[in-house]
>>> print(open('model39.pdb').read())   # PDB, C-alpha atoms
ATOM      1  CA  MET A   1      61.496 117.077 184.588
ATOM      2  CA  GLU A   2      59.699 117.352 181.296
ATOM      3  CA  LYS A   3      60.807 114.701 178.811
ATOM      4  CA  ILE A   4      62.976 116.118 176.073
ATOM      5  CA  ASN A   5      61.853 115.590 172.521
ATOM      6  CA  CYS A   6      63.925 113.018 170.541
ATOM      7  CA  ASN A   7      64.356 115.471 167.668
ATOM      8  CA  VAL A   8      66.150 117.843 169.995
ATOM      9  CA  ILE A   9      68.454 115.079 171.257
ATOM     10  CA  GLN A  10      69.174 113.888 167.727
ATOM     11  CA  ASP A  11      70.042 117.441 166.670
ATOM     12  CA  ILE A  12      72.519 117.637 169.559
ATOM     13  CA  LEU A  13      74.083 114.218 168.952
ATOM     14  CA  PRO A  14      76.791 115.389 166.481
ATOM     15  CA  LEU A  15      77.969 118.002 168.995
ATOM     16  CA  TYR A  16      77.795 115.439 171.794
ATOM     17  CA  ILE A  17      79.861 112.930 169.814
ATOM     18  CA  ASP A  18      82.441 115.644 169.062
ATOM     19  CA  ASP A  19      82.461 116.457 172.790
ATOM     20  CA  VAL A  20      81.788 120.146 172.299
ATOM     21  CA  VAL A  21      78.721 120.451 174.573
ATOM     22  CA  SER A  22      78.550 121.642 178.128
ATOM     23  CA  ASP A  23      78.530 119.193 181.015
ATOM     24  CA  ASP A  24      74.824 119.822 181.680
ATOM     25  CA  THR A  25      73.914 119.102 178.061
ATOM     26  CA  LYS A  26      76.110 116.033 178.072
ATOM     27  CA  GLU A  27      74.387 114.710 181.183
ATOM     28  CA  LEU A  28      71.002 115.420 179.632
ATOM     29  CA  VAL A  29      71.815 113.540 176.419
ATOM     30  CA  GLU A  30      73.257 110.532 178.259
ATOM     31  CA  GLU A  31      70.216 110.301 180.495
ATOM     32  CA  HIS A  32      67.957 110.358 177.440
ATOM     33  CA  LEU A  33      69.991 107.717 175.610
ATOM     34  CA  GLN A  34      69.671 105.340 178.527
ATOM     35  CA  ASN A  35      65.896 105.314 178.147
ATOM     36  CA  CYS A  36      65.402 105.764 174.377
ATOM     37  CA  GLU A  37      66.283 102.935 171.989
ATOM     38  CA  ILE A  38      65.516 105.045 168.932
ATOM     39  CA  CYS A  39      67.976 107.729 169.915
ATOM     40  CA  GLN A  40      70.524 105.058 170.863
ATOM     41  CA  ARG A  41      70.301 103.686 167.317
ATOM     42  CA  VAL A  42      70.544 107.160 165.854
ATOM     43  CA  TYR A  43      73.516 107.834 168.137
ATOM     44  CA  HIS A  44      75.449 104.789 166.870
ATOM     45  CA  GLU A  45      74.563 105.558 163.257
ATOM     46  CA  THR A  46      75.591 109.170 163.647
ATOM     47  CA  LYS A  47      78.803 108.197 165.414
ATOM     48  CA  THR A  48      79.612 105.685 162.643
ATOM     49  CA  ASP A  49      78.892 108.275 159.958
ATOM     50  CA  LEU A  50      81.068 110.874 161.664
ATOM     51  CA  GLU A  51      83.929 108.388 162.080
ATOM     52  CA  ASN A  52      83.639 107.425 158.400
ATOM     53  CA  ASP A  53      83.626 111.090 157.432
ATOM     54  CA  MET A  54      86.755 111.628 159.503
ATOM     55  CA  LYS A  55      88.464 108.663 157.843
ATOM     56  CA  ILE A  56      87.518 109.921 154.372
ATOM     57  CA  SER A  57      88.703 113.404 155.286
ATOM     58  CA  ALA A  58      92.003 112.020 156.555
ATOM     59  CA  GLN A  59      92.424 109.902 153.419
ATOM     60  CA  THR A  60      91.576 112.870 151.218
ATOM     61  CA  LYS A  61      94.049 115.029 153.077
ATOM     62  CA  GLU A  62      96.710 112.322 152.785
ATOM     63  CA  SER A  63      96.000 111.939 149.063
ATOM     64  CA  SER A  64      96.159 115.689 148.673
ATOM     65  CA  ASN A  65      99.480 115.765 150.514
ATOM     66  CA  GLU A  66     100.796 112.954 148.308
ATOM     67  CA  ALA A  67      99.609 114.796 145.216
ATOM     68  CA  ASN A  68     101.289 117.980 146.443
ATOM     69  CA  ASP A  69     104.448 116.042 147.242
ATOM     70  CA  LEU A  70     104.406 114.492 143.763
ATOM     71  CA  LYS A  71     103.805 117.883 142.198
ATOM     72  CA  SER A  72     106.662 119.371 144.220
ATOM     73  CA  PHE A  73     108.924 116.487 143.227
ATOM     74  CA  ARG A  74     108.067 116.927 139.551
ATOM     75  CA  LYS A  75     108.742 120.639 139.882
ATOM     76  CA  PHE A  76     112.081 119.847 141.523
ATOM     77  CA  LEU A  77     112.973 117.435 138.712
ATOM     78  CA  LYS A  78     112.000 120.028 136.102
ATOM     79  CA  LYS A  79     114.164 122.683 137.748
ATOM     80  CA  ARG A  80     117.013 120.217 138.063
ATOM     81  CA  LYS A  81     116.655 119.226 134.418
ATOM     82  CA  ILE A  82     116.699 122.871 133.321
ATOM     83  CA  LYS A  83     119.704 123.522 135.557
ATOM     84  CA  THR A  84     121.497 120.501 134.117
ATOM     85  CA  ILE A  85     120.765 121.654 130.561
ATOM     86  CA  LEU A  86     122.001 125.179 131.299
ATOM     87  CA  LEU A  87     125.149 123.841 132.955
ATOM     88  CA  SER A  88     125.739 121.532 129.993
ATOM     89  CA  ILE A  89     125.340 124.434 127.561
ATOM     90  CA  ALA A  90     127.681 126.596 129.648
ATOM     91  CA  ALA A  91     130.255 123.795 129.836
ATOM     92  CA  THR A  92     129.995 123.253 126.077
ATOM     93  CA  VAL A  93     130.474 126.960 125.371
ATOM     94  CA  ILE A  94     133.451 127.143 127.738
ATOM     95  CA  CYS A  95     135.034 124.068 126.141
ATOM     96  CA  PHE A  96     134.433 125.471 122.658
ATOM     97  CA  VAL A  97     135.979 128.831 123.580
ATOM     98  CA  ALA A  98     138.952 127.094 125.197
ATOM     99  CA  VAL A  99     139.512 124.853 122.165
ATOM    100  CA  PHE A 100     138.991 127.761 119.755
ATOM    101  CA  THR A 101     141.467 129.937 121.663
ATOM    102  CA  PHE A 102     144.065 127.183 121.872
ATOM    103  CA  MET A 103     143.754 126.223 118.203
ATOM    104  CA  ASN A 104     144.057 129.851 117.063
ATOM    105  CA  LYS A 105     147.013 130.626 119.305
ATOM    106  CA  HIS A 106     148.880 127.505 118.214
ATOM    107  CA  VAL A 107     150.366 128.812 114.959
ATOM    108  CA  THR A 108     152.942 126.877 112.964
ATOM    109  CA  TYR A 109     155.396 128.223 110.415
ATOM    110  CA  ILE A 110     154.992 126.621 106.975
ATOM    111  CA  SER A 111     158.272 125.806 105.275
ATOM    112  CA  TYR A 112     158.863 126.412 101.568
ATOM    113  CA  LYS A 113     158.917 122.672 100.963
ATOM    114  CA  ASP A 114     155.552 122.132 102.699
ATOM    115  CA  ALA A 115     154.015 125.136 100.906
ATOM    116  CA  GLY A 116     154.400 123.392  97.536
ATOM    117  CA  ILE A 117     154.546 126.607  95.483
ATOM    118  CA  THR A 118     153.950 126.236  91.743
ATOM    119  CA  ILE A 119     153.879 128.961  89.052
ATOM    120  CA  VAL A 120     150.634 128.661  87.060
ATOM    121  CA  GLU A 121     150.767 131.830  84.942
ATOM    122  CA  ASP A 122     153.452 134.310  83.849
ATOM    123  CA  ASN A 123     152.400 137.141  81.533
ATOM    124  CA  LYS A 124     153.653 140.658  80.875
ATOM    125  CA  ASP A 125     151.791 142.171  83.829
ATOM    126  CA  GLU A 126     151.801 139.593  86.575
ATOM    127  CA  VAL A 127     152.870 136.194  87.806
ATOM    128  CA  LYS A 128     150.352 133.894  89.445
ATOM    129  CA  TYR A 129     151.282 130.948  91.617
ATOM    130  CA  LYS A 130     149.405 128.506  93.799
ATOM    131  CA  THR A 131     150.243 126.626  96.984
ATOM    132  CA  ASN A 132     149.591 123.064  97.976
ATOM    133  CA  ILE A 133     148.814 123.804 101.627
ATOM    134  CA  LYS A 134     145.953 121.891 103.217
ATOM    135  CA  GLY A 135     143.374 124.209 104.763
ATOM    136  CA  ASN A 136     143.348 127.965 105.210
ATOM    137  CA  TYR A 137     146.436 129.924 106.169
ATOM    138  CA  ARG A 138     147.812 133.433 106.486
ATOM    139  CA  TRP A 139     150.873 135.077 104.990
ATOM    140  CA  ARG A 140     153.136 138.007 105.704
ATOM    141  CA  THR A 141     154.993 140.043 103.114
ATOM    142  CA  SER A 142     157.609 142.744 103.039
ATOM    143  CA  LEU A 143     158.561 144.692  99.899
ATOM    144  CA  ASP A 144     161.774 146.648  99.511
ATOM    145  CA  ARG A 145     160.775 149.207  96.868
ATOM    146  CA  GLU A 146     164.367 150.204  96.159
ATOM    147  CA  THR A 147     165.572 146.704  95.301
ATOM    148  CA  GLY A 148     162.174 145.398  94.138
ATOM    149  CA  VAL A 149     162.527 142.297  96.314
ATOM    150  CA  MET A 150     159.386 140.949  97.993
ATOM    151  CA  THR A 151     159.778 138.497 100.887
ATOM    152  CA  ILE A 152     156.900 136.284 101.929
ATOM    153  CA  TYR A 153     156.185 133.415 104.300
ATOM    154  CA  PHE A 154     153.132 131.425 105.297
ATOM    155  CA  GLU A 155     151.855 130.362 108.708
ATOM    156  CA  GLN A 156     148.833 128.443 109.818
ATOM    157  CA  SER A 157     146.868 127.897 113.034
ATOM    158  CA  LEU A 158     145.362 124.546 113.997
ATOM    159  CA  TRP A 159     141.904 126.085 113.576
ATOM    160  CA  GLU A 160     142.691 127.171 110.009
ATOM    161  CA  LYS A 161     144.192 123.814 109.149
ATOM    162  CA  TYR A 162     141.491 121.517 110.505
ATOM    163  CA  VAL A 163     138.273 123.516 111.007
ATOM    164  CA  SER A 164     137.800 126.729 109.018
ATOM    165  CA  CYS A 165     138.849 125.042 105.785
ATOM    166  CA  ILE A 166     135.759 122.823 106.077
ATOM    167  CA  PHE A 167     133.375 125.781 105.931
ATOM    168  CA  TYR A 168     135.369 128.175 103.719
ATOM    169  CA  PRO A 169     137.319 126.167 101.173
ATOM    170  CA  TYR A 170     139.071 128.150  98.428
ATOM    171  CA  ASP A 171     141.934 127.884  95.973
ATOM    172  CA  HIS A 172     145.151 129.429  97.261
ATOM    173  CA  LEU A 173     146.398 131.664  94.442
ATOM    174  CA  HIS A 174     148.852 134.546  94.795
ATOM    175  CA  ASP A 175     149.669 137.342  92.360
ATOM    176  CA  ILE A 176     153.015 139.029  91.782
ATOM    177  CA  LEU A 177     152.651 142.380  90.018
ATOM    178  CA  LYS A 178     155.672 142.902  87.786
ATOM    179  CA  LYS A 179     155.321 146.665  87.905
ATOM    180  CA  ASP A 180     155.788 146.604  91.698
ATOM    181  CA  GLU A 181     158.608 144.105  92.107
ATOM    182  CA  ILE A 182     161.288 142.189  90.230
ATOM    183  CA  LYS A 183     161.816 139.309  92.611
ATOM    184  CA  GLU A 184     159.882 137.371  95.227
ATOM    185  CA  VAL A 185     161.512 135.074  97.745
ATOM    186  CA  TYR A 186     160.137 132.734 100.379
ATOM    187  CA  VAL A 187     161.618 132.959 103.866
ATOM    188  CA  ASP A 188     161.829 129.812 106.004
ATOM    189  CA  LYS A 189     161.800 129.964 109.775
ATOM    190  CA  ASP A 190     165.575 129.569 110.000
ATOM    191  CA  GLY A 191     166.073 132.517 107.631
ATOM    192  CA  THR A 192     166.779 130.485 104.509
ATOM    193  CA  THR A 193     165.346 132.156 101.396
ATOM    194  CA  THR A 194     164.153 130.475  98.219
ATOM    195  CA  THR A 195     163.352 132.389  95.040
ATOM    196  CA  ILE A 196     159.726 131.983  93.938
ATOM    197  CA  TRP A 197     160.018 134.204  90.857
ATOM    198  CA  GLU A 198     162.568 136.577  89.374
ATOM    199  CA  ALA A 199     162.149 138.992  86.462
ATOM    200  CA  GLN A 200     164.274 138.896  83.355
ATOM    201  CA  GLU A 201     167.527 140.896  83.393
ATOM    202  CA  GLU A 202     166.119 143.600  81.118
ATOM    203  CA  GLU A 203     163.082 144.037  83.383
ATOM    204  CA  GLN A 204     165.294 144.246  86.443
ATOM    205  CA  LYS A 205     167.434 146.959  84.848
ATOM    206  CA  ALA A 206     164.348 148.914  83.825
ATOM    207  CA  TYR A 207     162.898 148.658  87.331
ATOM    208  CA  LEU A 208     166.128 149.658  89.088
ATOM    209  CA  SER A 209     166.617 152.620  86.772
ATOM    210  CA  GLU A 210     163.447 154.204  88.156
ATOM    211  CA  GLU A 211     162.679 155.526  91.613
ATOM    212  CA  HIS A 212     160.237 153.424  93.659
ATOM    213  CA  THR A 213     159.723 155.200  96.945
ATOM    214  CA  GLU A 214     155.946 155.766  96.853
ATOM    215  CA  PRO A 215     153.774 153.477  99.001
ATOM    216  CA  LEU A 216     152.372 150.384  97.333
ATOM    217  CA  GLY A 217     148.764 150.425  96.185
TER     218      GLY A 217
END
>>> encode(input="model39.pdb", output="structure tokens")
Amino acid sequence: MEKINCNVIQDILPLYIDDVVSDDTKELVEEHLQNCEICQRVYHETKTDLENDMKISAQTKESSNEANDLKSFRKFLKKRKIKTILLSIAATVICFVAVFTFMNKHVTYISYKDAGITIVEDNKDEVKYKTNIKGNYRWRTSLDRETGVMTIYFEQSLWEKYVSCIFYPYDHLHDILKKDEIKEVYVDKDGTTTTIWEAQEEEQKAYLSEEHTEPLG
């Protein structure tokens, strides 16, 4: 058999080392290696290089997997952080709505004594008085046009008392128009009435001598 050139054997060595050659080629390479020191050296060098390449490839793949795992973990943490923030915002909104609803539904009746009503002005057209109530409040009135008697009472929610007054403070002043009424009384929760203001006897007679059936305003 004609001797095979070393260059040919050396070209085949990578395939031989990877064990992807036919049995005949394998036998041919092994026979040549037994009798050629140069190719034996090249064989060991090539085998070492291929093994090193495989190790580097495995390490690179492992590093890549670790990097991907780290990236996935960071992505997971980011999503979890966003989810936590959204849940916190939702919980805060729900709590705020619940507190707001409760504080607005919890309305207390303000007694005449707690209202602290004081007349500050009394002229020919109107009477002006102020209250000493802390915070905002609401009031309800009812005017009997025939008798000229106006009834009024104040009530206040927890929200008005403790929160809204912080952002919208104002002086609580009320006007009594003498042309529309001759007496104003405050009604407590138990039905007790207290006179806030009452016109002079002459003004009362003048008012009652006229008809007052038209709507106010």
>>> atom_distance(input="model39.pdb", atom1="CA of Tyr168 (chain A)", atom2="CA of Glu155 (chain A)")
17.4 Å
>>> atom_distance(input="model39.pdb", atom1="CA of Glu210 (chain A)", atom2="CA of Lys178 (chain A)")
13.7 Å
>>> residues_near_point(input="model39.pdb", point="(148.7, 131.2, 118.3)", cutoff="10 Å", atoms="only C-alpha atoms", output="VMD selection string")
chain A and resid 101 to 108 156 to 159
>>> atom_distance(input="model39.pdb", atom1="CA of Leu177 (chain A)", atom2="CA of Val120 (chain A)")
14.2 Å
>>> closest_residue(input="model39.pdb", among="A:Lys130, A:His172, A:Lys161, A:Lys26", to="Ile196 (chain A)", atoms="only C-alpha atoms")
A:Lys130
>>> residues_around(input="model39.pdb", residues="Lys128 (chain A)", least_positions_apart="3", cutoff="10 Å", atoms="all atoms listed in the file", output="PyMOL selection string")
chain A and resi 118-123+173-177+197
>>> resolve_selection(input="model39.pdb", expression="the PyMOL selection byres ((chain A and resi 28) around 12)", output="JSON, numbers by chain")
{"A": [1, 2, 3, 4, 5, 6, 8, 9, 12, 13, 16, 21, 22, 23, 24, 25, 26, 27, 29, 30, 31, 32, 33, 34, 35]}
>>> closest_residue(input="model39.pdb", among="A:Asp69, A:Asp180, A:Glu160, A:Asp18", to="Tyr137 (chain A)", atoms="only C-alpha atoms")
A:Glu160
>>> resolve_selection(input="model39.pdb", expression="the PyMOL selection byres ((chain A and resi 188) around 8)", output="PyMOL selection string")
chain A and resi 109-112+153+186-187+189-193
>>> residues_around(input="model39.pdb", residues="Asp171 (chain A)", least_positions_apart="5", cutoff="10 Å", atoms="all atoms listed in the file", output="list in words")
Lys130, Thr131, Asn132, Ile133, Gly135 and Asn136 of chain A
>>> residues_near_point(input="model39.pdb", point="(161.1, 139.1, 86.7)", cutoff="9 Å", atoms="all atoms listed in the file", output="list in words")
Val127, Lys178, Glu181, Ile182, Lys183, Glu184, Trp197, Glu198, Ala199, Gln200, Glu201, Glu202, Glu203 and Gln204 of chain A
>>> write_last_selection(input="model39.pdb", atoms="C-alpha atoms", output="compact mmCIF listing (two decimals), keeping the file's coordinate frame")
# COMPACT_ATOMS: atom_id res chain seq x y z
CA VAL A 127 152.87 136.19 87.81
CA LYS A 178 155.67 142.90 87.79
CA GLU A 181 158.61 144.10 92.11
CA ILE A 182 161.29 142.19 90.23
CA LYS A 183 161.82 139.31 92.61
CA GLU A 184 159.88 137.37 95.23
CA TRP A 197 160.02 134.20 90.86
CA GLU A 198 162.57 136.58 89.37
CA ALA A 199 162.15 138.99 86.46
CA GLN A 200 164.27 138.90 83.36
CA GLU A 201 167.53 140.90 83.39
CA GLU A 202 166.12 143.60 81.12
CA GLU A 203 163.08 144.04 83.38
CA GLN A 204 165.29 144.25 86.44
>>> closest_residue(input="model39.pdb", among="A:Lys47, A:Met54, A:Lys71, A:Ile117", to="Thr195 (chain A)", atoms="only C-alpha atoms")
A:Ile117
>>> build_atoms(input="model39.pdb", residues="region 97-117 of chain A", atoms="N, CA, C and O atoms", output="mmCIF file, keeping the file's coordinate frame")
data_model
loop_
_atom_site.group_PDB
_atom_site.id
_atom_site.type_symbol
_atom_site.label_atom_id
_atom_site.label_comp_id
_atom_site.auth_asym_id
_atom_site.auth_seq_id
_atom_site.Cartn_x
_atom_site.Cartn_y
_atom_site.Cartn_z
ATOM 1 N N VAL A 97 135.137 127.628 123.535
ATOM 2 C CA VAL A 97 135.979 128.831 123.580
ATOM 3 C C VAL A 97 137.425 128.456 123.888
ATOM 4 O O VAL A 97 138.370 128.997 123.287
ATOM 5 N N ALA A 98 137.596 127.516 124.835
ATOM 6 C CA ALA A 98 138.952 127.094 125.197
ATOM 7 C C ALA A 98 139.659 126.435 124.008
ATOM 8 O O ALA A 98 140.818 126.740 123.711
ATOM 9 N N VAL A 99 138.934 125.539 123.324
ATOM 10 C CA VAL A 99 139.512 124.853 122.165
ATOM 11 C C VAL A 99 139.799 125.844 121.040
ATOM 12 O O VAL A 99 140.859 125.810 120.401
ATOM 13 N N PHE A 100 138.829 126.749 120.810
ATOM 14 C CA PHE A 100 138.991 127.761 119.755
ATOM 15 C C PHE A 100 140.212 128.643 120.035
ATOM 16 O O PHE A 100 141.015 128.914 119.133
ATOM 17 N N THR A 101 140.334 129.075 121.296
ATOM 18 C CA THR A 101 141.467 129.937 121.663
ATOM 19 C C THR A 101 142.791 129.200 121.492
ATOM 20 O O THR A 101 143.751 129.741 120.936
ATOM 21 N N PHE A 102 142.831 127.962 121.977
ATOM 22 C CA PHE A 102 144.065 127.183 121.872
ATOM 23 C C PHE A 102 144.446 126.948 120.416
ATOM 24 O O PHE A 102 145.603 127.135 120.026
ATOM 25 N N MET A 103 143.458 126.548 119.597
ATOM 26 C CA MET A 103 143.754 126.223 118.203
ATOM 27 C C MET A 103 144.158 127.454 117.397
ATOM 28 O O MET A 103 144.907 127.347 116.422
ATOM 29 N N ASN A 104 143.674 128.631 117.785
ATOM 30 C CA ASN A 104 144.057 129.851 117.063
ATOM 31 C C ASN A 104 145.394 130.401 117.537
ATOM 32 O O ASN A 104 146.103 131.056 116.771
ATOM 33 N N LYS A 105 145.729 130.145 118.802
ATOM 34 C CA LYS A 105 147.013 130.626 119.305
ATOM 35 C C LYS A 105 148.162 129.718 118.879
ATOM 36 O O LYS A 105 149.305 130.158 118.816
ATOM 37 N N HIS A 106 147.836 128.447 118.614
ATOM 38 C CA HIS A 106 148.880 127.505 118.214
ATOM 39 C C HIS A 106 149.124 127.647 116.708
ATOM 40 O O HIS A 106 148.455 127.022 115.894
ATOM 41 N N VAL A 107 150.067 128.512 116.363
ATOM 42 C CA VAL A 107 150.366 128.812 114.959
ATOM 43 C C VAL A 107 151.697 128.173 114.576
ATOM 44 O O VAL A 107 152.679 128.288 115.310
ATOM 45 N N THR A 108 151.704 127.513 113.441
ATOM 46 C CA THR A 108 152.942 126.877 112.964
ATOM 47 C C THR A 108 153.445 127.572 111.702
ATOM 48 O O THR A 108 152.650 128.032 110.869
ATOM 49 N N TYR A 109 154.732 127.636 111.577
ATOM 50 C CA TYR A 109 155.396 128.223 110.415
ATOM 51 C C TYR A 109 155.427 127.177 109.305
ATOM 52 O O TYR A 109 155.803 126.040 109.527
ATOM 53 N N ILE A 110 155.013 127.554 108.098
ATOM 54 C CA ILE A 110 154.992 126.621 106.975
ATOM 55 C C ILE A 110 156.273 126.800 106.157
ATOM 56 O O ILE A 110 156.558 127.894 105.662
ATOM 57 N N SER A 111 157.020 125.728 106.023
ATOM 58 C CA SER A 111 158.272 125.806 105.275
ATOM 59 C C SER A 111 157.996 125.886 103.773
ATOM 60 O O SER A 111 156.892 125.571 103.314
ATOM 61 N N TYR A 112 159.006 126.308 103.027
ATOM 62 C CA TYR A 112 158.863 126.412 101.568
ATOM 63 C C TYR A 112 158.532 125.045 100.964
ATOM 64 O O TYR A 112 157.697 124.927 100.071
ATOM 65 N N LYS A 113 159.156 124.022 101.481
ATOM 66 C CA LYS A 113 158.917 122.672 100.963
ATOM 67 C C LYS A 113 157.468 122.249 101.180
ATOM 68 O O LYS A 113 156.821 121.701 100.280
ATOM 69 N N ASP A 114 156.935 122.513 102.389
ATOM 70 C CA ASP A 114 155.552 122.132 102.699
ATOM 71 C C ASP A 114 154.534 123.010 101.966
ATOM 72 O O ASP A 114 153.399 122.594 101.736
ATOM 73 N N ALA A 115 154.941 124.238 101.601
ATOM 74 C CA ALA A 115 154.015 125.136 100.906
ATOM 75 C C ALA A 115 153.701 124.627 99.503
ATOM 76 O O ALA A 115 152.600 124.853 98.980
ATOM 77 N N GLY A 116 154.643 123.953 98.865
ATOM 78 C CA GLY A 116 154.400 123.392 97.536
ATOM 79 C C GLY A 116 154.024 124.450 96.515
ATOM 80 O O GLY A 116 152.994 124.350 95.842
ATOM 81 N N ILE A 117 154.841 125.477 96.369
ATOM 82 C CA ILE A 117 154.546 126.607 95.483
ATOM 83 C C ILE A 117 154.818 126.230 94.019
ATOM 84 O O ILE A 117 155.881 125.695 93.697
#
